[in-house]
file run-v9.txt (compact mmCIF, C-alpha atoms)
# COMPACT_ATOMS: atom_id res chain seq x y z
CA MET M 3 -149.07 118.31 25.03
CA PRO M 4 -150.66 121.67 25.87
CA VAL M 5 -154.36 121.81 25.30
CA SER M 6 -155.58 124.88 23.48
CA LYS M 7 -158.54 126.61 25.07
CA ILE M 8 -161.63 126.72 22.91
CA HIS M 9 -163.34 130.11 23.05
CA GLU M 10 -167.04 129.44 22.89
CA PRO M 11 -169.64 132.13 22.26
CA LYS M 12 -170.84 133.77 25.45
CA SER M 13 -174.22 132.46 26.50
CA GLY M 14 -176.34 131.59 29.50
CA PRO M 15 -178.50 133.51 31.97
CA LEU M 16 -175.70 135.64 33.41
CA GLU M 17 -174.69 136.87 29.98
CA ARG M 18 -178.24 138.09 29.38
CA TYR M 19 -178.24 140.11 32.61
CA VAL M 20 -174.89 141.68 31.68
CA THR M 21 -176.15 142.48 28.19
CA VAL M 22 -179.20 144.27 29.62
CA LEU M 23 -176.96 146.35 31.93
CA GLU M 24 -174.56 147.22 29.10
CA THR M 25 -177.48 148.32 26.95
CA VAL M 26 -179.07 150.46 29.67
CA VAL M 27 -175.72 152.17 30.42
CA SER M 28 -175.63 153.49 26.86
CA ALA M 29 -178.99 155.25 27.20
CA PRO M 30 -178.93 158.37 29.46
CA ASP M 31 -182.75 158.61 29.49
CA GLY M 32 -183.17 154.92 30.31
CA LEU M 33 -184.83 152.17 28.29
CA THR M 34 -188.30 150.62 28.44
CA THR M 35 -189.21 146.96 28.18
CA ARG M 36 -190.20 147.48 24.56
CA ASP M 37 -186.91 149.25 23.80
CA LEU M 38 -184.96 146.29 25.17
CA GLU M 39 -187.13 143.77 23.34
CA THR M 40 -186.31 145.47 20.05
CA MET M 41 -182.62 146.11 20.76
CA LEU M 42 -181.83 142.66 22.17
CA GLY M 43 -184.25 140.57 20.13
CA LEU M 44 -185.68 138.93 23.25
CA PRO M 45 -189.31 138.08 24.01
CA LYS M 46 -191.25 140.34 26.36
CA THR M 47 -191.52 137.69 29.09
CA THR M 48 -187.74 137.23 29.14
CA VAL M 49 -187.05 140.97 29.27
CA ASN M 50 -189.56 141.41 32.10
CA ARG M 51 -187.94 138.61 34.07
CA LEU M 52 -184.46 140.06 33.62
CA LEU M 53 -185.58 143.58 34.55
CA SER M 54 -187.44 142.36 37.64
CA ALA M 55 -184.37 140.53 38.93
CA LEU M 56 -182.03 143.46 38.27
CA ALA M 57 -184.45 145.91 39.90
CA ALA M 58 -184.85 143.65 42.95
CA SER M 59 -181.07 143.83 43.45
CA ASP M 60 -181.01 147.66 43.04
CA LEU M 61 -178.88 147.31 39.91
CA LEU M 62 -181.63 149.08 37.95
CA VAL M 63 -184.28 151.56 39.09
CA SER M 64 -187.20 153.32 37.40
CA GLY M 65 -186.21 156.28 35.25
CA LYS M 66 -188.02 159.58 34.72
CA ARG M 67 -189.50 158.41 31.42
CA ARG M 68 -192.62 156.32 31.99
CA GLY M 69 -191.78 152.61 32.12
CA SER M 70 -188.05 153.19 31.68
CA PHE M 71 -185.11 151.82 33.67
CA ILE M 72 -181.74 153.40 34.48
CA LEU M 73 -178.73 152.28 36.50
CA GLY M 74 -179.45 151.84 40.20
CA PRO M 75 -177.40 153.05 43.19
CA ARG M 76 -175.79 149.68 43.81
CA LEU M 77 -174.26 149.41 40.35
CA SER M 78 -173.34 153.10 40.29
CA GLN M 79 -171.40 152.61 43.51
CA ILE M 80 -169.53 149.66 42.00
CA LEU M 81 -168.62 151.66 38.91
CA GLN M 82 -167.42 154.56 41.06
CA SER M 83 -165.16 152.39 43.25
CA ASP M 84 -162.25 152.80 40.82
CA THR M 85 -161.27 156.46 40.93
CA ALA M 86 -158.56 156.34 38.24
CA TRP M 87 -160.99 157.08 35.42
CA ILE M 88 -162.68 159.76 37.52
CA GLU M 89 -159.37 161.55 37.99
CA LEU M 90 -158.73 161.52 34.25
CA ALA M 91 -162.27 162.60 33.40
CA SER M 92 -162.22 165.50 35.87
CA LYS M 93 -158.92 167.08 34.81
CA ARG M 94 -160.32 169.26 32.04
CA LEU M 95 -163.25 170.67 34.05
CA LEU M 96 -161.09 171.20 37.11
CA LYS M 97 -158.37 173.00 35.15
CA SER M 98 -160.98 175.19 33.47
CA LEU M 99 -162.47 176.18 36.84
CA ALA M 100 -159.04 176.91 38.28
CA GLU M 101 -158.07 179.13 35.36
CA GLU M 102 -161.41 180.97 35.38
CA SER M 103 -161.37 181.57 39.14
CA GLY M 104 -157.63 182.08 39.53
CA GLU M 105 -157.70 179.77 42.56
CA THR M 106 -156.70 176.19 43.32
CA CYS M 107 -159.59 173.77 42.79
CA PHE M 108 -159.78 170.17 43.93
CA ILE M 109 -161.99 167.13 44.40
CA VAL M 110 -162.16 164.96 47.52
CA ARG M 111 -163.82 161.66 48.25
CA LEU M 112 -165.12 159.96 51.37
CA TYR M 113 -163.45 156.58 51.80
CA GLY M 114 -165.25 154.77 54.60
CA ALA M 115 -164.87 157.26 57.45
CA THR M 116 -161.96 159.25 55.99
CA VAL M 117 -162.05 162.19 53.58
CA ARG M 118 -159.09 162.26 51.16
CA SER M 119 -158.17 164.59 48.33
CA LEU M 120 -158.38 162.95 44.92
CA VAL M 121 -157.22 165.41 42.28
CA MET M 122 -156.14 169.07 42.21
CA GLU M 123 -155.56 171.77 39.62
CA SER M 124 -154.07 175.26 40.03
CA PRO M 125 -154.23 178.07 37.45
CA ASP M 126 -150.42 178.23 37.43
CA ALA M 127 -147.40 177.44 39.60
CA SER M 128 -147.29 180.95 41.06
CA VAL M 129 -150.51 180.44 43.03
CA GLY M 130 -148.67 178.34 45.61
CA VAL M 131 -151.74 176.76 47.25
CA TYR M 132 -151.75 172.98 47.05
CA VAL M 133 -154.08 170.20 48.17
CA THR M 134 -151.90 167.15 47.65
CA PRO M 135 -153.78 164.13 46.23
CA GLY M 136 -154.18 161.48 48.92
CA HIS M 137 -154.06 164.04 51.73
CA ILE M 138 -156.55 163.51 54.60
CA LEU M 139 -158.97 166.40 55.16
CA PRO M 140 -160.02 166.80 58.83
CA PRO M 141 -163.83 166.61 59.22
CA HIS M 142 -163.87 169.53 61.66
CA ALA M 143 -161.36 171.94 60.14
CA THR M 144 -161.73 171.86 56.34
CA ALA M 145 -164.59 172.93 54.11
CA THR M 146 -164.70 169.65 52.19
CA GLY M 147 -164.27 167.54 55.32
CA LYS M 148 -167.05 169.38 57.15
CA LEU M 149 -169.32 169.21 54.11
CA LEU M 150 -169.09 165.46 53.57
CA ALA M 151 -169.31 164.70 57.28
CA ALA M 152 -172.38 166.92 57.65
CA MET M 153 -174.25 165.20 54.84
CA GLN M 154 -173.85 161.59 55.99
CA GLU M 155 -176.22 159.53 58.09
CA PRO M 156 -175.73 160.09 61.87
CA SER M 157 -174.07 156.68 62.39
CA LEU M 158 -171.48 157.30 59.67
CA ARG M 159 -170.93 160.87 60.84
CA GLU M 160 -170.24 159.49 64.31
CA ALA M 161 -167.65 157.12 62.84
CA ILE M 162 -166.03 159.97 60.91
CA LEU M 163 -165.75 161.99 64.13
CA GLN M 164 -163.91 159.25 66.00
CA THR M 165 -160.76 161.15 65.04
CA GLU M 166 -159.38 163.63 67.55
CA LEU M 167 -160.67 167.17 67.03
CA LYS M 168 -157.31 168.91 67.13
CA ARG M 169 -157.06 172.68 67.31
CA LEU M 170 -155.01 173.61 64.24
CA THR M 171 -155.50 177.40 64.40
CA PRO M 172 -157.35 179.76 66.76
CA HIS M 173 -160.37 179.43 64.45
CA THR M 174 -160.61 175.62 64.48
CA ILE M 175 -163.89 174.25 65.84
CA VAL M 176 -163.10 171.72 68.55
CA ASP M 177 -166.29 171.82 70.60
CA ARG M 178 -168.60 168.98 69.55
CA ALA M 179 -171.82 170.92 70.11
CA GLU M 180 -170.53 173.86 68.09
CA LEU M 181 -169.43 171.46 65.36
CA GLU M 182 -172.91 169.91 65.18
CA GLU M 183 -174.35 173.41 64.78
CA GLU M 184 -171.91 173.99 61.92
CA TYR M 185 -172.97 170.71 60.30
CA HIS M 186 -176.62 171.70 60.56
CA ARG M 187 -175.86 175.06 58.93
CA ILE M 188 -174.03 173.28 56.10
CA ARG M 189 -176.95 170.91 55.46
CA VAL M 190 -179.38 173.83 55.31
CA GLN M 191 -177.32 176.04 52.99
CA GLY M 192 -175.90 173.21 50.86
CA TYR M 193 -172.25 174.27 50.96
CA ALA M 194 -169.41 174.72 53.46
CA VAL M 195 -166.93 177.50 54.18
CA GLU M 196 -163.58 177.36 55.94
CA ASN M 197 -161.80 180.56 56.93
CA GLY M 198 -158.40 179.91 58.46
CA GLU M 199 -159.60 176.87 60.41
CA GLN M 200 -156.90 174.49 59.14
CA VAL M 201 -154.27 176.92 57.85
CA ARG M 202 -154.12 180.57 58.80
CA GLY M 203 -154.86 182.92 55.95
CA LEU M 204 -156.59 180.35 53.71
CA PHE M 205 -160.21 180.57 52.64
CA THR M 206 -162.01 177.56 51.16
CA ILE M 207 -165.53 176.84 49.95
CA ALA M 208 -166.92 173.40 49.10
CA CYS M 209 -170.01 172.01 47.38
CA PRO M 210 -171.20 168.40 47.13
CA ILE M 211 -171.08 166.50 43.85
CA VAL M 212 -174.53 164.91 43.93
CA LEU M 213 -174.56 161.73 41.86
CA MET M 214 -178.04 160.60 42.85
CA GLU M 215 -180.84 162.51 44.52
CA GLY M 216 -181.58 161.24 48.01
CA GLN M 217 -178.18 159.57 48.33
CA ALA M 218 -175.53 161.08 50.61
CA PRO M 219 -172.65 162.48 48.52
CA ILE M 220 -169.21 160.88 48.72
CA TYR M 221 -167.50 163.47 46.48
CA ALA M 222 -167.05 167.20 47.01
CA LEU M 223 -165.60 170.03 44.95
CA GLY M 224 -163.46 172.63 46.69
CA MET M 225 -161.91 175.99 45.82
CA THR M 226 -159.19 177.45 48.01
CA GLY M 227 -156.98 180.53 48.06
CA PRO M 228 -155.72 183.41 50.21
CA ALA M 229 -158.45 184.76 52.48
CA GLU M 230 -157.59 188.37 51.58
CA ARG M 231 -158.36 187.61 47.93
CA MET M 232 -161.20 185.08 48.08
CA GLY M 233 -162.81 186.68 51.11
CA SER M 234 -163.13 189.98 49.28
CA GLN M 235 -165.34 188.44 46.55
CA PRO M 236 -169.12 187.99 46.91
CA LEU M 237 -169.58 184.55 48.47
CA SER M 238 -172.82 183.96 46.59
CA LEU M 239 -171.07 184.29 43.22
CA LEU M 240 -168.31 181.85 44.21
CA VAL M 241 -170.83 179.34 45.54
CA THR M 242 -173.00 179.57 42.42
CA LYS M 243 -170.03 178.94 40.14
CA LEU M 244 -168.88 176.03 42.29
CA GLN M 245 -172.37 174.50 42.34
CA GLN M 246 -172.67 174.80 38.55
CA THR M 247 -169.33 173.06 38.07
CA ALA M 248 -170.23 170.39 40.65
CA ALA M 249 -173.33 169.61 38.57
CA GLU M 250 -171.12 169.21 35.50
CA PHE M 251 -168.88 166.83 37.43
CA ALA M 252 -171.94 164.81 38.45
CA ASN M 253 -172.75 164.33 34.77
CA VAL M 254 -169.20 163.11 34.15
CA PHE M 255 -169.11 160.79 37.17
CA THR M 256 -172.53 159.21 36.65
CA PRO M 257 -172.63 156.54 33.95
CA ASN M 258 -176.23 157.39 33.06
CA GLY M 259 -175.70 161.10 33.59
CA LYS M 260 -176.84 163.58 30.98
CA LYS M 261 -175.97 167.22 30.74
CA ARG M 262 -178.07 169.27 33.10
CA PRO M 263 -179.75 172.49 31.98
call {"tool": "encode", "arguments": {"input": "run-v9.txt", "output": "structure tokens"}}
result
Amino acid sequence: MPVSKIHEPKSGPLERYVTVLETVVSAPDGLTTRDLETMLGLPKTTVNRLLSALAASDLLVSGKRRGSFILGPRLSQILQSDTAWIELASKRLLKSLAEESGETCFIVRLYGATVRSLVMESPDASVGVYVTPGHILPPHATATGKLLAAMQEPSLREAILQTELKRLTPHTIVDRAELEEEYHRIRVQGYAVENGEQVRGLFTIACPIVLMEGQAPIYALGMTGPAERMGSQPLSLLVTKLQQTAAEFANVFTPNGKKRP
């Protein structure tokens, strides 16, 4: 005879930790010990113990508000590991940017030591410039690839550059010393430019999507189009627009993110 499973109420220490995390996620500005005491109906000593353990594991960190806690980098990274929801959440912003700029816009992500395109939107089918989702972006010949490689720790950057630096056009950077100079320039200015380095006649700019200050970005936002059209526009205006949209994406991608001014 089959035995029916009895569904008991969730309880125990682990459930309390999960409940604290679920509660903090819902508060963009973070929550204090007193907030959690009131919301969860737990004594102060219990809340302090739970917060201390979660903070010790980098699942929570101190927020901007005095005595508050927000999601930590470790938990944020776990939540970002599934990109399906990120693709869905980014469609509207990406399409809006593409229509406003008249150029193809896309998002890439660093997977280990490989940069791959994640999602792309064009203003319409006539544009004819595509960055196929799943496509690998060379770290020496694309704006997004150079950007993410430049902003990683030296050891990870070295791993990223284990790939062969193939010359794809006459403008491709294949000299390692010259490439390191380019990476330095990117870190200083905060964005990357590609002008016919992967495909002749294409111009691309890229900005990082910064999810947490002090943490190397794993996402980047790119805009690409014919060099004769994009290259004729003031670069500063394109970069500013891209940076503003990248900040909006950061708010979407970060569970605790709030709209930036």
call {"tool": "atom_distance", "arguments": {"input": "run-v9.txt", "atom1": "atom CA of M:Met41", "atom2": "atom CA of M:Leu53"}}
result
14.3 Å
call {"tool": "closest_residue", "arguments": {"input": "run-v9.txt", "among": "M:Pro15, M:Gly69, M:Pro141, M:Gly74", "to": "M:Thr48", "atoms": "all atoms listed in the file"}}
result
M:Pro15
call {"tool": "atom_distance", "arguments": {"input": "run-v9.txt", "atom1": "atom CA of M:Leu223", "atom2": "atom CA of M:Thr106"}}
result
10.9 Å
call {"tool": "residues_near_point", "arguments": {"input": "run-v9.txt", "point": "(-162.7, 165.6, 51.3)", "cutoff": "8 Å", "atoms": "all atoms listed in the file", "output": "ChimeraX atom specification"}}
result
/M:109-112,116-119,138-139,146-147,150,221-222
call {"tool": "atom_distance", "arguments": {"input": "run-v9.txt", "atom1": "atom CA of M:Glu123", "atom2": "atom CA of M:Glu196"}}
result
19.0 Å
call {"tool": "residues_near_point", "arguments": {"input": "run-v9.txt", "point": "(-162.8, 180.0, 64.9)", "cutoff": "10 Å", "atoms": "only C-alpha atoms", "output": "PDB file with C-alpha atoms, in the coordinates of the input"}}
result
ATOM      1  CA  ALA M 143    -161.360 171.940  60.140  1.00  0.00           C
ATOM      2  CA  ARG M 169    -157.060 172.680  67.310  1.00  0.00           C
ATOM      3  CA  THR M 171    -155.500 177.400  64.400  1.00  0.00           C
ATOM      4  CA  PRO M 172    -157.350 179.760  66.760  1.00  0.00           C
ATOM      5  CA  HIS M 173    -160.370 179.430  64.450  1.00  0.00           C
ATOM      6  CA  THR M 174    -160.610 175.620  64.480  1.00  0.00           C
ATOM      7  CA  ILE M 175    -163.890 174.250  65.840  1.00  0.00           C
ATOM      8  CA  VAL M 176    -163.100 171.720  68.550  1.00  0.00           C
ATOM      9  CA  GLU M 196    -163.580 177.360  55.940  1.00  0.00           C
ATOM     10  CA  ASN M 197    -161.800 180.560  56.930  1.00  0.00           C
ATOM     11  CA  GLY M 198    -158.400 179.910  58.460  1.00  0.00           C
ATOM     12  CA  GLU M 199    -159.600 176.870  60.410  1.00  0.00           C
ATOM     13  CA  GLN M 200    -156.900 174.490  59.140  1.00  0.00           C
TER      14      GLN M 200
END
